[in-house]
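Following: one structure in C-alpha cells, then a few remarks.
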Amino acid sequence: MLRTFLTALVLVAAAGCQSVPGEAGRAAQRPNILLVVFEDMSLKVGAFGDPVATTPILDSLAQESILFPNTFTTAGVCAPSRASLITGVHQQTLGAQHMRTHAFETDFEPSGFEIGYAAVPPPEVKAFPELLRQSGYYTFAGYGGWVISNKKDYQFGTPFTVWDEDSEAASWRGRAPGQPFFGMVTLATTHESFLFPVPAIRDTELAKTVAARNERLLSGKVAVTDPSDVTVPAWLPDVSEVRREIATQYDNIAFTEQKLAMLLEDLERDGLADDTIVIVTTDHGDGFPRAKRSVYDSGIRVPLLVRFPDGRGASEVRDELVSFVDLAPTILSLAGAPTPEWLHGQVFLGEARDAPNSYIFAASDRMDQWMDRSKAVRDERYKLIRNYMPQVALLQPVAFREELRSMQALQRLHDEGRLSDLQASYLDVPRARLELYDMEEDPEETRNLAGKPALRAVRQRLVDALDDWLERTPDLSAVFETEMVEAMWPGGRQPVTSAPSISVSRADDSGLVLASETEGASIAWRRQGNAAGAWQLYTPGTRLPADPCIEARAVRYGYGASDIVTNCVQDGDTAKTGEGEH
C-alpha cells in the first residue's frame, strides 16, 4: 500500500509541537473514535440476518451504521488476531502468530503460564494508537471498571507509549480540553470460557475456577434463547448439550450488549455522541470447536458496524471483503493521521478509501503446546486452506476447549462411532493438505472441492494468491519457533532498550531532542519528580517545557523498557542516567 508522505510529515511535526497556538482548535475538529470489541462471536446478531439472536441494542445501532458482513480476522484466536488489529500487520510478520508467546516451552497450568518470550516486531512497526498519540489524540483502553475491558494481549508486551491510560477504569474523561480521543473497550462476557457450565460439571481446577467467575460476572443474566430454536451447524453433533451451549452463547450476547448500551449512553450524556465515530466488532468468530482457533469462516468471519456521527451510510450494507489489518489504516485515515507504508491493510472508509480487497488472508499456528500451521485465502466466492501439518488433528486437546460441552460431545460420539464423516474428520488424521470451498453453495465449508477438475483454475488462482501474499508479508511461522525466538531474544534473554539521550536542538533552543540507540525505540518524557504523571509521547519538534528538568524513557516493542534518565536540559546538554527501573 503506497502512500504519500508529504502530508504525513506535516501532521507529525504539528502534533509534536505541543504548545503551538491553535493546535487545540485543530484537534477539536477531528473526530473521536471509539472501538468496541466483543469476544468470540460470529454474526449472531439480528441485523446481520440471524433469526435467533436477541440483540435489540446491536440492531438499533445497526440502523445508524454501515454494516460490513464480510469482515474477517487474521486468526481465529484472540492474541494473534489482536496483534494484527492493533498494528495493521499480519501476526506472522510480527512474530506474534503462536497462541501464546508466553506458552513457549512451558507446561499448561490452569492458573496461567510463565512468560516464554515477547514477539519483537520489525522496528518500524507501531501500534496505531501510538500513531494517533503522535497526531495529538488521547488514547485509552478499558472502561467502567468492567473486568477485562482493557484487554490488550498483543504478544509483544504493552509498551507504555501506546496508551495514555489502560486500566479497567479508563475513559475519555482523562483527556485535555478539546483533545480528540481514541478508545478501545473489550466486552468480555461473550468469550469461550463463559460457555463453561455453572456449576462446573468436570472436576478440573480450570472448570471450577471459571465456573465461579462466570457465576459472579454473569449475575443477572436472563435465559432468552430456547435450545430447540437454535440451528446446529453441520460440523457439530445435534445433541441436547450442544444445543444448550449454543443457546448459552446467544444469551451471553444478549447479556453483554447491555454494556454496549451503557457505553453509548455515557457517550451521549457527556455530549460526545455527535463528535464520535463508533466502531463495533469482535476479536474473532465463535468459541465452539472447529470455529475458534481455525481458519474456517466460523472462526474468522465477524460482524463490523461503523456509525458516523453525521449519519452517513446509515443502514447501508457493504459486501466488500474487509480484513482486520484494514482497521488500523482506516482509523488513522479517519483521524487525519499518517498511514505508514509498512501497513498491510487498506483504507475502507472515508475520502482516502482504497479499492476493495480482492482477497483476505488468515493463519493458524501453535495453540498452547499443540503445534499446527495452516494458511487461508478467500475471495468473494471461494476459500482455499493449505494445511502444512496434515499429520495432526484439527481438534487437538487444548485445555479451554476441552471444558466445552460441545467438545465433550464430539469426543464421546467419536469414541462411540456416531459422528458424521465430516465431524469425525476434525478428530482424525491425516487431514487434507489442500481444502477448497465454494462459499456461495457451501457457506459452512463442509464439501472439500480441491480435487475437482472443473475447479482446477480456481484452485491454482487461489494458490498463486496465497503464495504471493506469503512472499510480500514475511512469514515467521515458516521457521522453527526456537529459531525465531533466538533471533528476537538471543540466548533466551529479553533485550533491553537503550536509554535515551536528552538534549536541546542546536537549530532551535526550545526544541527538545530525545534519541535512543535502539532501532525502532519509542520514547516518552515527563517533568522530573512527577513520578505519578503521565508519560508524554515524544515526536520531533516537541517543545522544551518551561521547567527544563525532565525524565525520559524508551522502549522497543518486545524489548524491556530502558532505565529512566533525567536531566535539567541546557543547550548542548545530554542525559544523565538516574536509578530508574527496567
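In the C-alpha cells, each chain is lettered A, B, ... as it comes, each chain's residues begin at 1, and ligands are numbered from 1 in order of appearance.
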
Who sits within 12 Å of Val555 (chain A), only C-alpha atoms, same chain under 3 positions skipped, as an mmCIF file with N, CA, C and O atoms, in the first residue's frame:
```cif
data_model
loop_
_atom_site.group_PDB
_atom_site.id
_atom_site.type_symbol
_atom_site.label_atom_id
_atom_site.label_comp_id
_atom_site.auth_asym_id
_atom_site.auth_seq_id
_atom_site.Cartn_x
_atom_site.Cartn_y
_atom_site.Cartn_z
ATOM 1 N N VAL A 120 9.042 -9.650 18.883
ATOM 2 C CA VAL A 120 9.745 -8.403 18.549
ATOM 3 C C VAL A 120 9.405 -8.062 17.103
ATOM 4 O O VAL A 120 9.989 -8.614 16.168
ATOM 5 N N PRO A 123 11.302 -3.080 13.381
ATOM 6 C CA PRO A 123 11.485 -1.844 14.156
ATOM 7 C C PRO A 123 10.560 -0.707 13.773
ATOM 8 O O PRO A 123 10.242 0.148 14.608
ATOM 9 N N LYS A 126 4.507 0.144 14.650
ATOM 10 C CA LYS A 126 3.957 0.717 15.878
ATOM 11 C C LYS A 126 2.474 0.375 15.964
ATOM 12 O O LYS A 126 1.789 0.256 14.950
ATOM 13 N N PHE A 156 3.525 -8.721 22.117
ATOM 14 C CA PHE A 156 4.818 -8.030 22.167
ATOM 15 C C PHE A 156 4.881 -7.131 23.408
ATOM 16 O O PHE A 156 5.616 -6.152 23.459
ATOM 17 N N GLY A 157 4.111 -7.520 24.438
ATOM 18 C CA GLY A 157 4.021 -6.708 25.630
ATOM 19 C C GLY A 157 3.031 -5.574 25.426
ATOM 20 O O GLY A 157 2.337 -5.497 24.413
ATOM 21 N N THR A 158 2.970 -4.683 26.406
ATOM 22 C CA THR A 158 2.148 -3.481 26.276
ATOM 23 C C THR A 158 3.069 -2.280 26.464
ATOM 24 O O THR A 158 3.248 -1.788 27.582
ATOM 25 N N PRO A 159 3.717 -1.837 25.397
ATOM 26 C CA PRO A 159 4.630 -0.698 25.530
ATOM 27 C C PRO A 159 3.917 0.497 26.159
ATOM 28 O O PRO A 159 2.771 0.803 25.823
ATOM 29 N N PHE A 160 4.599 1.149 27.078
ATOM 30 C CA PHE A 160 3.960 2.240 27.827
ATOM 31 C C PHE A 160 3.668 3.454 26.955
ATOM 32 O O PHE A 160 3.006 4.393 27.402
ATOM 33 N N THR A 161 4.131 3.431 25.721
ATOM 34 C CA THR A 161 3.904 4.546 24.805
ATOM 35 C C THR A 161 2.619 4.415 24.002
ATOM 36 O O THR A 161 2.246 5.349 23.278
ATOM 37 N N VAL A 162 1.923 3.285 24.102
ATOM 38 C CA VAL A 162 0.747 3.052 23.253
ATOM 39 C C VAL A 162 -0.475 3.803 23.770
ATOM 40 O O VAL A 162 -1.202 4.436 22.999
ATOM 41 N N PRO A 495 15.984 -8.581 25.283
ATOM 42 C CA PRO A 495 16.838 -7.396 25.124
ATOM 43 C C PRO A 495 16.223 -6.207 25.861
ATOM 44 O O PRO A 495 15.011 -6.143 26.061
ATOM 45 N N VAL A 496 17.072 -5.286 26.253
ATOM 46 C CA VAL A 496 16.618 -4.082 26.948
ATOM 47 C C VAL A 496 16.893 -2.876 26.054
ATOM 48 O O VAL A 496 17.968 -2.738 25.476
ATOM 49 N N THR A 497 15.926 -2.016 25.948
ATOM 50 C CA THR A 497 16.045 -0.828 25.112
ATOM 51 C C THR A 497 17.114 0.113 25.663
ATOM 52 O O THR A 497 17.213 0.311 26.874
ATOM 53 N N SER A 498 17.911 0.677 24.772
ATOM 54 C CA SER A 498 18.925 1.645 25.170
ATOM 55 C C SER A 498 18.272 2.901 25.733
ATOM 56 O O SER A 498 17.314 3.433 25.166
ATOM 57 N N ALA A 499 18.777 3.380 26.856
ATOM 58 C CA ALA A 499 18.228 4.584 27.476
ATOM 59 C C ALA A 499 18.399 5.783 26.549
ATOM 60 O O ALA A 499 19.417 5.905 25.860
ATOM 61 N N PRO A 500 17.429 6.670 26.523
ATOM 62 C CA PRO A 500 17.517 7.806 25.599
ATOM 63 C C PRO A 500 18.484 8.886 26.088
ATOM 64 O O PRO A 500 18.713 9.036 27.294
ATOM 65 N N ALA A 515 16.720 10.771 21.906
ATOM 66 C CA ALA A 515 17.142 9.744 20.953
ATOM 67 C C ALA A 515 17.630 8.516 21.700
ATOM 68 O O ALA A 515 18.237 8.619 22.773
ATOM 69 N N SER A 516 17.332 7.332 21.141
ATOM 70 C CA SER A 516 17.800 6.064 21.691
ATOM 71 C C SER A 516 18.604 5.344 20.622
ATOM 72 O O SER A 516 18.283 5.413 19.429
ATOM 73 N N GLU A 517 19.646 4.648 21.026
ATOM 74 C CA GLU A 517 20.456 3.892 20.081
ATOM 75 C C GLU A 517 19.743 2.624 19.601
ATOM 76 O O GLU A 517 20.185 2.006 18.632
ATOM 77 N N THR A 518 18.671 2.243 20.255
ATOM 78 C CA THR A 518 17.924 1.055 19.845
ATOM 79 C C THR A 518 17.037 1.390 18.657
ATOM 80 O O THR A 518 16.165 2.262 18.747
ATOM 81 N N GLU A 519 17.238 0.690 17.559
ATOM 82 C CA GLU A 519 16.443 0.934 16.361
ATOM 83 C C GLU A 519 14.968 0.669 16.649
ATOM 84 O O GLU A 519 14.609 -0.350 17.219
ATOM 85 N N GLY A 520 14.121 1.618 16.233
ATOM 86 C CA GLY A 520 12.685 1.442 16.396
ATOM 87 C C GLY A 520 12.154 1.766 17.772
ATOM 88 O O GLY A 520 10.973 1.526 18.041
ATOM 89 N N ALA A 521 12.988 2.312 18.647
ATOM 90 C CA ALA A 521 12.520 2.616 20.005
ATOM 91 C C ALA A 521 11.517 3.769 19.990
ATOM 92 O O ALA A 521 11.672 4.746 19.264
ATOM 93 N N SER A 522 10.484 3.634 20.804
ATOM 94 C CA SER A 522 9.565 4.731 21.088
ATOM 95 C C SER A 522 10.045 5.405 22.369
ATOM 96 O O SER A 522 10.525 4.739 23.288
ATOM 97 N N ILE A 523 9.895 6.737 22.437
ATOM 98 C CA ILE A 523 10.427 7.491 23.574
ATOM 99 C C ILE A 523 9.328 8.379 24.148
ATOM 100 O O ILE A 523 8.521 8.954 23.412
ATOM 101 N N ALA A 524 9.313 8.484 25.468
ATOM 102 C CA ALA A 524 8.365 9.365 26.146
ATOM 103 C C ALA A 524 9.090 10.139 27.233
ATOM 104 O O ALA A 524 10.183 9.756 27.674
ATOM 105 N N TRP A 525 8.474 11.237 27.677
ATOM 106 C CA TRP A 525 9.099 12.090 28.683
ATOM 107 C C TRP A 525 8.030 12.643 29.628
ATOM 108 O O TRP A 525 6.846 12.629 29.323
ATOM 109 N N LEU A 537 4.283 11.338 24.873
ATOM 110 C CA LEU A 537 4.964 10.709 23.748
ATOM 111 C C LEU A 537 5.841 11.741 23.044
ATOM 112 O O LEU A 537 5.403 12.849 22.734
ATOM 113 N N TYR A 538 7.077 11.374 22.808
ATOM 114 C CA TYR A 538 7.994 12.283 22.130
ATOM 115 C C TYR A 538 7.869 12.155 20.625
ATOM 116 O O TYR A 538 7.832 11.053 20.080
ATOM 117 N N ALA A 552 13.117 10.858 30.934
ATOM 118 C CA ALA A 552 12.709 10.210 29.687
ATOM 119 C C ALA A 552 12.967 8.719 29.775
ATOM 120 O O ALA A 552 13.803 8.238 30.548
ATOM 121 N N GLY A 558 8.536 -5.483 22.350
ATOM 122 C CA GLY A 558 9.124 -6.789 22.605
ATOM 123 C C GLY A 558 10.358 -6.750 23.471
ATOM 124 O O GLY A 558 10.774 -7.776 24.004
ATOM 125 N N TYR A 559 10.973 -5.577 23.627
ATOM 126 C CA TYR A 559 12.140 -5.386 24.487
ATOM 127 C C TYR A 559 11.676 -4.941 25.870
ATOM 128 O O TYR A 559 10.559 -4.469 26.056
ATOM 129 N N GLY A 560 12.580 -5.045 26.834
ATOM 130 C CA GLY A 560 12.339 -4.402 28.094
ATOM 131 C C GLY A 560 12.508 -2.903 27.948
ATOM 132 O O GLY A 560 13.316 -2.426 27.143
ATOM 133 N N ALA A 561 11.743 -2.136 28.720
ATOM 134 C CA ALA A 561 11.885 -0.681 28.679
ATOM 135 C C ALA A 561 13.230 -0.275 29.265
ATOM 136 O O ALA A 561 13.810 -0.967 30.109
ATOM 137 N N SER A 562 13.741 0.857 28.823
ATOM 138 C CA SER A 562 15.033 1.351 29.297
ATOM 139 C C SER A 562 14.930 1.851 30.729
ATOM 140 O O SER A 562 13.838 2.010 31.286
ATOM 141 N N ASP A 563 16.099 2.134 31.311
ATOM 142 C CA ASP A 563 16.115 2.911 32.548
ATOM 143 C C ASP A 563 15.506 4.282 32.277
ATOM 144 O O ASP A 563 15.504 4.772 31.141
ATOM 145 N N ILE A 564 15.012 4.906 33.326
ATOM 146 C CA ILE A 564 14.569 6.295 33.244
ATOM 147 C C ILE A 564 15.803 7.182 33.374
ATOM 148 O O ILE A 564 16.619 7.003 34.289
ATOM 149 N N HIS A 582 14.018 -1.008 34.930
ATOM 150 C CA HIS A 582 13.856 -1.579 33.593
ATOM 151 C C HIS A 582 12.390 -1.741 33.310
ATOM 152 O O HIS A 582 11.607 -2.007 34.193
#
```

Excluding Ala534 (chain A) and any residue of its chain fewer than 4 positions from it, enumerate the residues within 9 Å of it, using only C-alpha atoms, and give them as number ranges by chain.
-> A: 164-165, 525-526, 530

With the cut-off set at 9 Å and counting only C-alpha atoms, tabulate each residue of region 126-231 of chain A with an atom at most that distance from an atom of region 265-287 of chain A, showing the nearest atom pair and its distance in Å to one decimal, ordered by chain and increasing number, as JSON lines.
```
{"residue": "A:Phe181", "atom": "CA", "partner": "A:Thr276", "partner_atom": "CA", "distance": 8.8}
{"residue": "A:Thr186", "atom": "CA", "partner": "A:Thr282", "partner_atom": "CA", "distance": 8.7}
{"residue": "A:Leu187", "atom": "CA", "partner": "A:Thr282", "partner_atom": "CA", "distance": 8.9}
{"residue": "A:Thr190", "atom": "CA", "partner": "A:Gly287", "partner_atom": "CA", "distance": 8.6}
{"residue": "A:His191", "atom": "CA", "partner": "A:Gly287", "partner_atom": "CA", "distance": 6.8}
{"residue": "A:Glu192", "atom": "CA", "partner": "A:Gly287", "partner_atom": "CA", "distance": 4.5}
{"residue": "A:Ser193", "atom": "CA", "partner": "A:Gly287", "partner_atom": "CA", "distance": 8.2}
{"residue": "A:Leu195", "atom": "CA", "partner": "A:Gly287", "partner_atom": "CA", "distance": 8.3}
```

Find the residues near Ser323 (chain A): any atom within 10 Å, counting only C-alpha atoms, skip ones fewer than 2 places away on the same chain, and give them as a CSV table (one decimal) with C-alpha atoms, in the first residue's frame.
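Writing done, so here's around_11.csv:
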```
chain,number,residue,atom,x,y,z
A,70,ASN,CA,-17.8,-9.8,5.1
A,71,THR,CA,-15.2,-8.8,7.7
A,72,PHE,CA,-12.5,-11.3,8.6
A,73,THR,CA,-10.0,-11.5,11.3
A,74,THR,CA,-6.5,-12.7,10.5
A,84,SER,CA,-2.7,-7.7,13.8
A,85,LEU,CA,-5.7,-5.5,14.7
A,88,GLY,CA,-2.3,-3.4,10.8
A,300,ILE,CA,-12.7,-15.7,11.4
A,301,ARG,CA,-15.8,-14.1,10.0
A,302,VAL,CA,-17.1,-11.3,12.3
A,320,GLU,CA,-16.8,-5.9,0.2
A,321,LEU,CA,-14.1,-8.0,1.8
A,325,VAL,CA,-5.4,-5.4,9.1
A,326,ASP,CA,-7.6,-2.8,7.4
A,327,LEU,CA,-8.8,-1.3,10.7
A,344,HIS,CA,-0.5,-4.4,5.4
A,345,GLY,CA,-4.1,-3.2,5.2
A,346,GLN,CA,-6.1,-0.8,3.2
A,348,PHE,CA,-12.1,1.0,3.5
A,357,ASN,CA,-9.7,-6.2,-1.3
A,359,TYR,CA,-8.7,-11.4,-1.2
A,360,ILE,CA,-8.4,-11.7,2.6
A,361,PHE,CA,-5.9,-14.0,4.3
A,362,ALA,CA,-5.8,-15.8,7.6
```

When distances are computed from only C-alpha atoms, which of A:Lys383, A:His414, A:Arg133, A:Lys152 shows the smallest separation from Ala83 (chain A)?
->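 Closest to Ala83 (chain A), using only C-alpha atoms: A:Lys152.
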
Alpha helix (DSSP H) residues, from DSSP on the backbone, in region 14-209 of chain A, as a ChimeraX atom specification = /A:14-16,23-28,56-63,78-87,91-94,128-134,205-209

Closest to Tyr143 (chain A) among A:Val198, A:Leu264, A:Ala247, A:Cys568, using only C-alpha atoms?
->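 When distances to Tyr143 (chain A) are compared using only C-alpha atoms, the smallest one comes from A:Leu264.
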
Close residues, Asn252 (chain A) itself excluded, 8 Å, only C-alpha atoms, min 5 positions apart in chain, as a ChimeraX atom specification = /A:189-190,194,221

Rank nothing, just name the residue among A:Leu419, A:Leu476, A:Ala211, A:Ala53 nearest to Trp235 (chain A), using only C-alpha atoms.
->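 Of A:Leu419, A:Leu476, A:Ala211, A:Ala53, the one nearest Trp235 (chain A), counting only C-alpha atoms, is A:Leu419.
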
As number ranges by chain, list the residues of region 125-279 of chain A assigned to strand (DSSP E or B) by DSSP on the backbone atoms of this structure.
-> A: 138-141, 165, 181-187, 276-279

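CA of Tyr137 (chain A) to CA of Gln97 (chain A) spans 29.1 Å [interatomic distance, one decimal].
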
Report the distance between CA of Arg527 (chain A) and CA of Phe182 (chain A) in Å, rounded to one decimal place.
->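 The value is 24.5 Å.
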
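Note that CA of Ala546 (chain A) and CA of Gln29 (chain A) are 27.7 Å apart.
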
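For the residues A:Leu34, A:Val77, A:Leu206, A:Ala465, ranking by smallest atom-to-atom distance to Ala399 (chain A) using only C-alpha atoms places A:Leu206 first.
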
Kindly indicate which residue among A:Glu124, A:Asp50, A:Asp442, A:Asp464 lies nearest to Pro340 (chain A), using only C-alpha atoms for the distances.
-> A:Glu124

Who sits within 8 Å of Val463 (chain A), only C-alpha atoms, same chain under 4 positions skipped, as a PyMOL selection string | chain A and resi 384+459+467

Put those residues in a file: all heavy atoms, as a short mmCIF file (atom, residue, chain, number, x, y, z; two decimals), in the first residue's frame.
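Generated output (selection_19.cif):
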```
data_model
loop_
_atom_site.label_atom_id
_atom_site.label_comp_id
_atom_site.auth_asym_id
_atom_site.auth_seq_id
_atom_site.Cartn_x
_atom_site.Cartn_y
_atom_site.Cartn_z
N LEU A 384 -9.62 -21.16 0.00
CA LEU A 384 -8.62 -22.22 -0.05
C LEU A 384 -7.85 -22.25 1.25
O LEU A 384 -7.44 -21.20 1.76
CB LEU A 384 -7.66 -22.00 -1.22
CG LEU A 384 -6.59 -23.10 -1.37
CD1 LEU A 384 -6.58 -23.68 -2.78
CD2 LEU A 384 -5.20 -22.57 -1.00
N ARG A 459 -8.61 -23.20 -8.10
CA ARG A 459 -7.65 -23.64 -7.08
C ARG A 459 -6.27 -23.03 -7.34
O ARG A 459 -5.63 -22.51 -6.41
CB ARG A 459 -7.55 -25.17 -7.09
CG ARG A 459 -6.61 -25.73 -6.00
CD ARG A 459 -6.48 -27.24 -6.15
NE ARG A 459 -5.83 -27.59 -7.40
CZ ARG A 459 -6.06 -28.71 -8.08
NH1 ARG A 459 -6.95 -29.58 -7.65
NH2 ARG A 459 -5.40 -28.95 -9.21
N ASP A 467 0.52 -17.71 -2.27
CA ASP A 467 1.98 -17.68 -2.37
C ASP A 467 2.48 -16.25 -2.54
O ASP A 467 3.51 -15.86 -1.97
CB ASP A 467 2.46 -18.54 -3.54
CG ASP A 467 2.30 -20.03 -3.26
OD1 ASP A 467 2.19 -20.40 -2.07
OD2 ASP A 467 2.28 -20.81 -4.22
#
```

Which is closer to Gly451 (chain A) than all the others in A:Leu512, A:Leu263, A:Leu466, A:Ala432, using only C-alpha atoms?
->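 Of A:Leu512, A:Leu263, A:Leu466, A:Ala432, the one nearest Gly451 (chain A), counting only C-alpha atoms, is A:Ala432.
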
Using only C-alpha atoms, which residues sit within 12 Å of Gly49 (chain A) once same-chain residues fewer than 4 positions away are excluded, as a ChimeraX atom specification?
-> /A:42-45,53-55,59,62,67,69,303,317

Give me, as a PDB file with N, CA and C atoms, in the first residue's frame, all polymer residues having an atom no more than 12 Å from Lys151 (chain A), counting only C-alpha atoms and skipping those fewer than 2 positions away in the same chain.
```
ATOM      1  N   VAL A  36     -15.272  -0.748  19.955  1.00  0.00           N
ATOM      2  CA  VAL A  36     -15.811  -1.695  20.934  1.00  0.00           C
ATOM      3  C   VAL A  36     -15.651  -3.099  20.370  1.00  0.00           C
ATOM      4  N   VAL A  37     -15.004  -3.975  21.150  1.00  0.00           N
ATOM      5  CA  VAL A  37     -14.672  -5.315  20.668  1.00  0.00           C
ATOM      6  C   VAL A  37     -15.310  -6.360  21.576  1.00  0.00           C
ATOM      7  N   PHE A  38     -16.341  -7.037  21.067  1.00  0.00           N
ATOM      8  CA  PHE A  38     -16.856  -8.229  21.741  1.00  0.00           C
ATOM      9  C   PHE A  38     -15.821  -9.348  21.563  1.00  0.00           C
ATOM     10  N   GLU A  39     -15.997 -10.441  22.310  1.00  0.00           N
ATOM     11  CA  GLU A  39     -15.069 -11.568  22.168  1.00  0.00           C
ATOM     12  C   GLU A  39     -15.801 -12.803  21.642  1.00  0.00           C
ATOM     13  N   CYS A  78      -7.645 -15.120  19.923  1.00  0.00           N
ATOM     14  CA  CYS A  78      -7.572 -13.713  20.301  1.00  0.00           C
ATOM     15  C   CYS A  78      -6.206 -13.066  20.154  1.00  0.00           C
ATOM     16  N   ALA A  79      -5.149 -13.602  20.746  1.00  0.00           N
ATOM     17  CA  ALA A  79      -3.887 -12.866  20.797  1.00  0.00           C
ATOM     18  C   ALA A  79      -3.294 -12.603  19.412  1.00  0.00           C
ATOM     19  N   ARG A  82      -5.546  -9.966  17.793  1.00  0.00           N
ATOM     20  CA  ARG A  82      -5.408  -8.637  18.375  1.00  0.00           C
ATOM     21  C   ARG A  82      -4.068  -8.002  17.997  1.00  0.00           C
ATOM     22  N   ALA A  83      -3.034  -8.815  17.828  1.00  0.00           N
ATOM     23  CA  ALA A  83      -1.743  -8.272  17.404  1.00  0.00           C
ATOM     24  C   ALA A  83      -1.853  -7.635  16.025  1.00  0.00           C
ATOM     25  N   ILE A  86      -4.120  -4.328  16.168  1.00  0.00           N
ATOM     26  CA  ILE A  86      -3.547  -3.127  16.788  1.00  0.00           C
ATOM     27  C   ILE A  86      -2.410  -2.546  15.962  1.00  0.00           C
ATOM     28  N   PHE A 140      -7.037   5.539  25.107  1.00  0.00           N
ATOM     29  CA  PHE A 140      -7.298   4.754  26.315  1.00  0.00           C
ATOM     30  C   PHE A 140      -7.830   3.379  25.950  1.00  0.00           C
ATOM     31  N   ALA A 141      -7.572   2.415  26.821  1.00  0.00           N
ATOM     32  CA  ALA A 141      -8.108   1.052  26.700  1.00  0.00           C
ATOM     33  C   ALA A 141      -8.754   0.689  28.019  1.00  0.00           C
ATOM     34  N   GLY A 142     -10.017   0.269  27.966  1.00  0.00           N
ATOM     35  CA  GLY A 142     -10.757  -0.072  29.170  1.00  0.00           C
ATOM     36  C   GLY A 142     -11.886   0.916  29.405  1.00  0.00           C
ATOM     37  N   TYR A 143     -12.822   0.518  30.260  1.00  0.00           N
ATOM     38  CA  TYR A 143     -13.925   1.431  30.589  1.00  0.00           C
ATOM     39  C   TYR A 143     -14.747   0.875  31.746  1.00  0.00           C
ATOM     40  N   TRP A 146     -15.048  -2.351  34.168  1.00  0.00           N
ATOM     41  CA  TRP A 146     -15.505  -3.666  33.730  1.00  0.00           C
ATOM     42  C   TRP A 146     -14.323  -4.617  33.578  1.00  0.00           C
ATOM     43  N   VAL A 147     -14.512  -5.833  34.055  1.00  0.00           N
ATOM     44  CA  VAL A 147     -13.443  -6.822  34.040  1.00  0.00           C
ATOM     45  C   VAL A 147     -12.980  -7.097  32.609  1.00  0.00           C
ATOM     46  N   ILE A 148     -11.677  -7.022  32.407  1.00  0.00           N
ATOM     47  CA  ILE A 148     -11.001  -7.310  31.128  1.00  0.00           C
ATOM     48  C   ILE A 148     -11.402  -6.310  30.033  1.00  0.00           C
ATOM     49  N   SER A 149     -12.047  -5.212  30.393  1.00  0.00           N
ATOM     50  CA  SER A 149     -12.415  -4.226  29.367  1.00  0.00           C
ATOM     51  C   SER A 149     -11.189  -3.567  28.752  1.00  0.00           C
ATOM     52  N   ASP A 153      -3.225  -7.952  25.089  1.00  0.00           N
ATOM     53  CA  ASP A 153      -2.925  -9.295  24.564  1.00  0.00           C
ATOM     54  C   ASP A 153      -2.280  -9.257  23.177  1.00  0.00           C
ATOM     55  N   TYR A 154      -1.295  -8.358  22.997  1.00  0.00           N
ATOM     56  CA  TYR A 154      -0.691  -8.187  21.677  1.00  0.00           C
ATOM     57  C   TYR A 154       0.475  -9.132  21.414  1.00  0.00           C
ATOM     58  N   GLN A 155       1.004  -9.766  22.465  1.00  0.00           N
ATOM     59  CA  GLN A 155       2.109 -10.710  22.370  1.00  0.00           C
ATOM     60  C   GLN A 155       3.479 -10.042  22.241  1.00  0.00           C
ATOM     61  N   GLY A 157       4.111  -7.520  24.438  1.00  0.00           N
ATOM     62  CA  GLY A 157       4.021  -6.708  25.630  1.00  0.00           C
ATOM     63  C   GLY A 157       3.031  -5.574  25.426  1.00  0.00           C
ATOM     64  N   THR A 158       2.970  -4.683  26.406  1.00  0.00           N
ATOM     65  CA  THR A 158       2.148  -3.481  26.276  1.00  0.00           C
ATOM     66  C   THR A 158       3.069  -2.280  26.464  1.00  0.00           C
ATOM     67  N   ASP A 166      -4.630   2.778  30.417  1.00  0.00           N
ATOM     68  CA  ASP A 166      -5.070   1.440  30.005  1.00  0.00           C
ATOM     69  C   ASP A 166      -5.531   0.589  31.182  1.00  0.00           C
ATOM     70  N   SER A 167      -6.171   1.209  32.156  1.00  0.00           N
ATOM     71  CA  SER A 167      -6.749   0.463  33.265  1.00  0.00           C
ATOM     72  C   SER A 167      -8.196   0.115  32.937  1.00  0.00           C
ATOM     73  N   GLU A 168      -8.777  -0.794  33.713  1.00  0.00           N
ATOM     74  CA  GLU A 168     -10.180  -1.152  33.503  1.00  0.00           C
ATOM     75  C   GLU A 168     -11.107   0.039  33.753  1.00  0.00           C
ATOM     76  N   ALA A 169     -10.615   1.038  34.457  1.00  0.00           N
ATOM     77  CA  ALA A 169     -11.426   2.225  34.749  1.00  0.00           C
ATOM     78  C   ALA A 169     -11.116   3.392  33.811  1.00  0.00           C
ATOM     79  N   ALA A 170     -10.378   3.147  32.753  1.00  0.00           N
ATOM     80  CA  ALA A 170     -10.013   4.217  31.825  1.00  0.00           C
ATOM     81  C   ALA A 170     -11.255   4.768  31.128  1.00  0.00           C
ATOM     82  N   MET A 184     -10.527   2.064  23.100  1.00  0.00           N
ATOM     83  CA  MET A 184     -10.794   0.670  22.743  1.00  0.00           C
ATOM     84  C   MET A 184     -11.316  -0.041  23.986  1.00  0.00           C
ATOM     85  N   VAL A 185     -12.521  -0.582  23.880  1.00  0.00           N
ATOM     86  CA  VAL A 185     -13.181  -1.214  25.022  1.00  0.00           C
ATOM     87  C   VAL A 185     -13.550  -2.642  24.648  1.00  0.00           C
ATOM     88  N   THR A 186     -13.091  -3.601  25.438  1.00  0.00           N
ATOM     89  CA  THR A 186     -13.416  -5.007  25.215  1.00  0.00           C
ATOM     90  C   THR A 186     -14.597  -5.414  26.097  1.00  0.00           C
ATOM     91  N   LEU A 187     -15.570  -6.077  25.490  1.00  0.00           N
ATOM     92  CA  LEU A 187     -16.714  -6.635  26.223  1.00  0.00           C
ATOM     93  C   LEU A 187     -16.506  -8.142  26.286  1.00  0.00           C
ATOM     94  N   ALA A 188     -16.119  -8.628  27.458  1.00  0.00           N
ATOM     95  CA  ALA A 188     -15.504  -9.952  27.563  1.00  0.00           C
ATOM     96  C   ALA A 188     -16.469 -11.105  27.763  1.00  0.00           C
ATOM     97  N   ASP A 283     -13.327 -10.002  18.281  1.00  0.00           N
ATOM     98  CA  ASP A 283     -11.910 -10.304  18.017  1.00  0.00           C
ATOM     99  C   ASP A 283     -11.707 -11.531  17.140  1.00  0.00           C
TER     100      ASP A 283
END
```
